[in-house]
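Participant: Got a structure for you, written out below as structure tokens; questions coming shortly.
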Amino acid sequence: MSKQTRIKRITAADIAARKGSEPIVALTAYDAPTAEILDEHCDVLLVGDSVGMVVHGLPSTVGVTIEMMILHGQAVMRGARKAMVVVDMPFGSYEESREQAFANASRIMKETGAQAIKIESGTYAAETVAFLVERGIPVMGHIGLRPQAVNVAGGFRAKGRSNQEWADVLEEAEATAKAGAFAIVVEGVAEDLANQITAAVSVPTIGIGASSSCDGQILVTQDMLGLFDWTPKFVKRYGDLKSVIDKAASEYAAEVRSRSFPAEGQVYSLKPKLVGDTA
Ligand code: KIV
């Protein structure tokens, strides 16, 4: 049996069974070494399409392609051993039809080895969720603030500001759960709305900018590590990576300029042997 075959990862069924019990810990990951570090601490590693903004410097997730998701998904699968790996379906890869969604989701699963995909599941997408699940593709839904819809919404604004918006988001959640999603990311909604959704649906909710009552939480790893000057209100910084990188790069630059790097310990002090020298 190959090493990959012997790896025992957390499954969609394990996550679904966590409704109302031990909170689900999730973070995003886009590369192998980071996935290897996070794996020990997380139940779910999401290869989010936030990779477009966090790693590739795009202004939104709209420009992310299937090929980008597959490349980053493969890297995360090489680093993770235990956590469930979920890969985001990027904008334009699933909305057109259920058949388009199945072709792209199955490609992502085959080429990355990830166990599930995530889609931003507005009410319209419920039939797509059901189509995928019936055909063997575990689906994580994503409702509330849907970043791929930024151009319709006119920005990244939290939801639940009007009775209509409140009802719409609740409907998205119920439709996604009913369609068979094994868990639902609830992003950027009023706390009471997140509480109501969590009580209303039978599958775990994973909050981001939502509520501590959700069945789990997710953050973008680089946000919580403090890599950026600006982060959304809902992010708590658990590290100060930007300062760490700044300080290290500044010391390195100074030592290169003063020729104190490389020093004795970082060079090879090899002497060529004379021809015929057998010692
Ligand atoms: O792409 C992403 O990172 C996400 C999370 C914010 C949930 O969808």
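Chain lettering (A, B, ...) mirrors the order of the structure tokens, residue numbering begins at 1 for each chain separately, and ligand numbering begins at 1 in order of display.
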Name the residues in contact with A:Gly188 at a cut-off of 12 Å, using only C-alpha atoms, excluding same-chain residues fewer than 5 positions from it; report them as number ranges by chain.

Facilitator: A: 142-147, 155-161, 166, 169, 193-194, 206-211, 218-219, 232-235

Participant: Please give me, as a ChimeraX atom specification, the residues lying within 7 Å of ligand 1 when counting only C-alpha atoms and all ligand atoms.

Facilitator: /A:28,46-51,88,185,187,208,218-220

Participant: With distances taken over only C-alpha atoms, which residue among A:Gly122, A:Gly73, A:Pro59, A:Gly52 lies nearest A:Ala35?

Facilitator: A:Gly73

Participant: At a cut-off of 9 Å, using only C-alpha atoms, what residues contact A:Met109? Leave out same-chain residues fewer than 6 positions from it and give the result as a ChimeraX atom specification.

Facilitator: /A:70,87,115-117,137

Participant: Which residues of stretch 2-46 of chain A come within 9 Å of stretch 212-217 of chain A, and what is each one's closest atom pair and distance in Å (one decimal), counting only C-alpha atoms, sorted by chain and residue number, as a tab-separated table?

Facilitator:
residue	atom	partner	partner_atom	distance
A:Arg18	CA	A:Asp215	CA	7.4
A:Lys19	CA	A:Asp215	CA	6.1
A:Gly20	CA	A:Asp215	CA	6.0
A:Ser21	CA	A:Asp215	CA	7.3
A:Glu22	CA	A:Asp215	CA	7.6
A:Pro23	CA	A:Gly216	CA	4.6
A:Ile24	CA	A:Gly216	CA	4.0
A:Val25	CA	A:Gln217	CA	5.8
A:Ala26	CA	A:Gln217	CA	6.0
A:Leu27	CA	A:Gln217	CA	8.1

Participant: Write out as JSON, numbers by chain all residues of stretch 23-268 of chain A that backbone DSSP assigns to helix (DSSP H, G or I).

Facilitator: {"A": [32, 33, 34, 35, 36, 37, 38, 39, 51, 52, 53, 54, 66, 67, 68, 69, 70, 71, 72, 73, 74, 75, 76, 77, 78, 79, 98, 99, 100, 101, 102, 103, 104, 105, 106, 107, 108, 109, 110, 111, 112, 123, 124, 125, 126, 127, 128, 129, 130, 131, 132, 133, 134, 147, 148, 149, 150, 151, 152, 153, 163, 164, 165, 166, 167, 168, 169, 170, 171, 172, 173, 174, 175, 176, 177, 178, 191, 192, 193, 194, 195, 196, 197, 198, 199, 200, 221, 222, 223, 224, 241, 242, 243, 244, 245, 246, 247, 248, 249, 250, 251, 252, 253, 254, 255, 256, 257, 264, 265, 266]}

Participant: Those selected residues, please, written with C-alpha atoms and delivered as a short mmCIF file (atom, residue, chain, number, x, y, z; two decimals), in the first residue's frame.

Facilitator:
data_model
loop_
_atom_site.label_atom_id
_atom_site.label_comp_id
_atom_site.auth_asym_id
_atom_site.auth_seq_id
_atom_site.Cartn_x
_atom_site.Cartn_y
_atom_site.Cartn_z
CA ALA A 32 3.03 22.63 1.43
CA PRO A 33 5.23 23.89 4.29
CA THR A 34 2.45 26.01 5.80
CA ALA A 35 -0.01 23.12 5.46
CA GLU A 36 2.47 20.88 7.28
CA ILE A 37 2.60 23.29 10.24
CA LEU A 38 -1.17 23.93 10.36
CA ASP A 39 -2.13 20.27 9.90
CA VAL A 51 -5.14 32.76 -2.60
CA GLY A 52 -5.71 35.24 -5.44
CA MET A 53 -5.62 38.20 -3.05
CA VAL A 54 -3.29 36.82 -0.35
CA ILE A 66 -9.05 26.44 -11.87
CA GLU A 67 -5.37 25.93 -12.70
CA MET A 68 -4.34 28.15 -9.76
CA MET A 69 -6.62 26.20 -7.41
CA ILE A 70 -5.26 22.87 -8.62
CA LEU A 71 -1.62 23.94 -8.23
CA HIS A 72 -2.17 25.21 -4.68
CA GLY A 73 -4.41 22.24 -3.84
CA GLN A 74 -1.66 19.82 -4.85
CA ALA A 75 0.87 21.67 -2.70
CA VAL A 76 -1.40 21.62 0.37
CA MET A 77 -2.11 17.90 -0.08
CA ARG A 78 1.65 17.25 -0.03
CA GLY A 79 1.98 19.10 3.29
CA ARG A 98 -24.65 21.50 -12.86
CA GLU A 99 -22.71 19.65 -15.56
CA GLN A 100 -20.04 22.37 -15.70
CA ALA A 101 -19.79 22.21 -11.90
CA PHE A 102 -19.39 18.42 -11.93
CA ALA A 103 -16.73 18.47 -14.66
CA ASN A 104 -14.64 21.07 -12.81
CA ALA A 105 -15.19 19.70 -9.31
CA SER A 106 -14.24 16.17 -10.35
CA ARG A 107 -11.16 17.53 -12.13
CA ILE A 108 -10.09 19.38 -8.97
CA MET A 109 -10.58 16.25 -6.84
CA LYS A 110 -8.74 13.97 -9.30
CA GLU A 111 -5.80 16.31 -9.84
CA THR A 112 -5.33 17.39 -6.21
CA THR A 123 -30.00 29.91 -3.23
CA TYR A 124 -29.70 29.41 -7.00
CA ALA A 125 -26.81 26.96 -6.41
CA ALA A 126 -28.78 24.49 -4.28
CA GLU A 127 -29.52 22.23 -7.23
CA THR A 128 -25.82 22.21 -8.13
CA VAL A 129 -24.91 21.22 -4.57
CA ALA A 130 -27.40 18.32 -4.71
CA PHE A 131 -26.15 17.24 -8.17
CA LEU A 132 -22.53 17.09 -6.95
CA VAL A 133 -23.28 15.34 -3.66
CA GLU A 134 -25.45 12.71 -5.40
CA PRO A 147 -16.61 37.43 -2.12
CA GLN A 148 -17.06 36.18 -5.71
CA ALA A 149 -20.21 38.34 -5.91
CA VAL A 150 -18.30 41.49 -4.91
CA ASN A 151 -19.14 43.23 -8.18
CA VAL A 152 -22.89 42.78 -7.65
CA ALA A 153 -22.79 43.58 -3.95
CA ASN A 163 -35.12 42.31 6.92
CA GLN A 164 -34.92 41.24 3.29
CA GLU A 165 -31.16 40.62 3.41
CA TRP A 166 -31.60 38.72 6.69
CA ALA A 167 -34.29 36.48 5.16
CA ASP A 168 -32.25 35.95 1.97
CA VAL A 169 -29.15 34.77 3.85
CA LEU A 170 -31.23 32.46 6.06
CA GLU A 171 -32.81 31.02 2.92
CA GLU A 172 -29.36 30.47 1.33
CA ALA A 173 -28.26 28.56 4.43
CA GLU A 174 -31.37 26.38 4.58
CA ALA A 175 -31.25 25.63 0.84
CA THR A 176 -27.55 24.72 1.00
CA ALA A 177 -28.05 22.39 3.98
CA LYS A 178 -31.12 20.77 2.43
CA GLU A 191 -24.02 37.87 14.92
CA ASP A 192 -27.71 37.15 15.65
CA LEU A 193 -28.24 35.99 12.09
CA ALA A 194 -25.31 33.56 12.40
CA ASN A 195 -26.85 32.31 15.65
CA GLN A 196 -30.20 31.82 13.94
CA ILE A 197 -28.62 30.00 10.97
CA THR A 198 -26.62 27.72 13.26
CA ALA A 199 -29.79 26.81 15.15
CA ALA A 200 -31.80 26.34 11.94
CA THR A 221 -4.05 32.24 7.81
CA GLN A 222 -1.97 35.21 6.64
CA ASP A 223 -4.53 37.60 8.19
CA MET A 224 -4.39 35.93 11.59
CA LEU A 241 4.57 38.02 10.77
CA LYS A 242 5.05 41.29 8.91
CA SER A 243 7.39 42.62 11.62
CA VAL A 244 9.25 39.32 11.77
CA ILE A 245 9.86 39.37 8.00
CA ASP A 246 10.70 43.10 8.02
CA LYS A 247 13.27 42.68 10.78
CA ALA A 248 14.89 39.60 9.23
CA ALA A 249 15.07 41.17 5.75
CA SER A 250 16.53 44.39 7.15
CA GLU A 251 19.25 42.53 9.12
CA TYR A 252 20.09 40.40 6.07
CA ALA A 253 20.35 43.46 3.82
CA ALA A 254 22.63 45.25 6.32
CA GLU A 255 24.92 42.22 6.64
CA VAL A 256 25.17 41.71 2.88
CA ARG A 257 26.04 45.40 2.45
CA GLU A 264 32.85 31.56 8.41
CA GLY A 265 30.00 29.23 9.31
CA GLN A 266 28.18 29.74 6.02
#

Participant: Taking only stretch 57-116 of chain A into account, list the residues labelled strand (DSSP E or B) by DSSP (computed from the backbone), as a list in words.

Facilitator: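 Strand (DSSP E or B) assignments inside stretch 57-116 of chain A correspond to Met84, Val85, Val86, Val87, Asp88 and Ala116 of chain A.
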
Participant: Please determine, counting only C-alpha atoms, which residue among A:Met89, A:Met140, A:Ala183, A:Met84 has the shortest atom-to-atom distance to A:Ile7.

Facilitator: A:Met84

Participant: Please indicate the distance in Å from atom CA of A:Val62 to atom CA of A:Pro90, rounded to one decimal place.

Facilitator: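 Atom CA of A:Pro90 lies 7.5 Å from atom CA of A:Val62.
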
Participant: Which residues come within 9 Å of A:Ile10, counting only C-alpha atoms, excluding same-chain residues fewer than 2 positions away, as a tab-separated table (two decimals) with N, CA, C and O atoms, in the first residue's frame?

Facilitator:
chain	number	residue	atom	x	y	z
A	8	LYS	N	-4.50	8.64	7.03
A	8	LYS	CA	-5.90	8.64	7.48
A	8	LYS	C	-6.29	10.08	7.77
A	8	LYS	O	-5.87	10.68	8.75
A	12	ALA	N	-15.38	14.18	5.35
A	12	ALA	CA	-16.58	15.02	5.35
A	12	ALA	C	-17.59	14.50	6.37
A	12	ALA	O	-18.25	15.29	7.07
A	13	ALA	N	-17.69	13.19	6.50
A	13	ALA	CA	-18.64	12.60	7.46
A	13	ALA	C	-18.22	12.96	8.89
A	13	ALA	O	-19.07	13.25	9.74
A	14	ASP	N	-16.89	12.94	9.15
A	14	ASP	CA	-16.40	13.32	10.50
A	14	ASP	C	-16.80	14.76	10.81
A	14	ASP	O	-17.22	15.09	11.92
A	15	ILE	N	-16.63	15.63	9.81
A	15	ILE	CA	-16.94	17.06	10.03
A	15	ILE	C	-18.45	17.23	10.23
A	15	ILE	O	-18.89	17.93	11.15
A	43	ASP	N	-8.70	20.90	11.90
A	43	ASP	CA	-9.53	19.81	11.39
A	43	ASP	C	-9.69	19.94	9.87
A	43	ASP	O	-9.76	18.96	9.15
A	44	VAL	N	-9.77	21.19	9.40
A	44	VAL	CA	-9.97	21.45	7.97
A	44	VAL	C	-8.94	22.46	7.49
A	44	VAL	O	-8.72	23.49	8.14
A	82	LYS	N	-3.28	14.91	8.17
A	82	LYS	CA	-4.42	14.52	9.01
A	82	LYS	C	-5.68	15.34	8.67
A	82	LYS	O	-6.79	14.82	8.60
A	83	ALA	N	-5.51	16.64	8.48
A	83	ALA	CA	-6.66	17.53	8.27
A	83	ALA	C	-7.38	17.18	6.98
A	83	ALA	O	-6.78	16.68	6.03
A	84	MET	N	-8.68	17.49	6.95
A	84	MET	CA	-9.43	17.37	5.71
A	84	MET	C	-9.05	18.56	4.82
A	84	MET	O	-9.03	19.69	5.30
A	85	VAL	N	-8.75	18.29	3.55
A	85	VAL	CA	-8.39	19.38	2.64
A	85	VAL	C	-9.58	19.65	1.70
A	85	VAL	O	-10.07	18.73	1.03

Participant: What does the structure give for the distance between atom CA of A:Arg237 and atom CA of A:Glu120, in Å to one decimal?

Facilitator: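 Computing it gives 25.5 Å between the two atoms.
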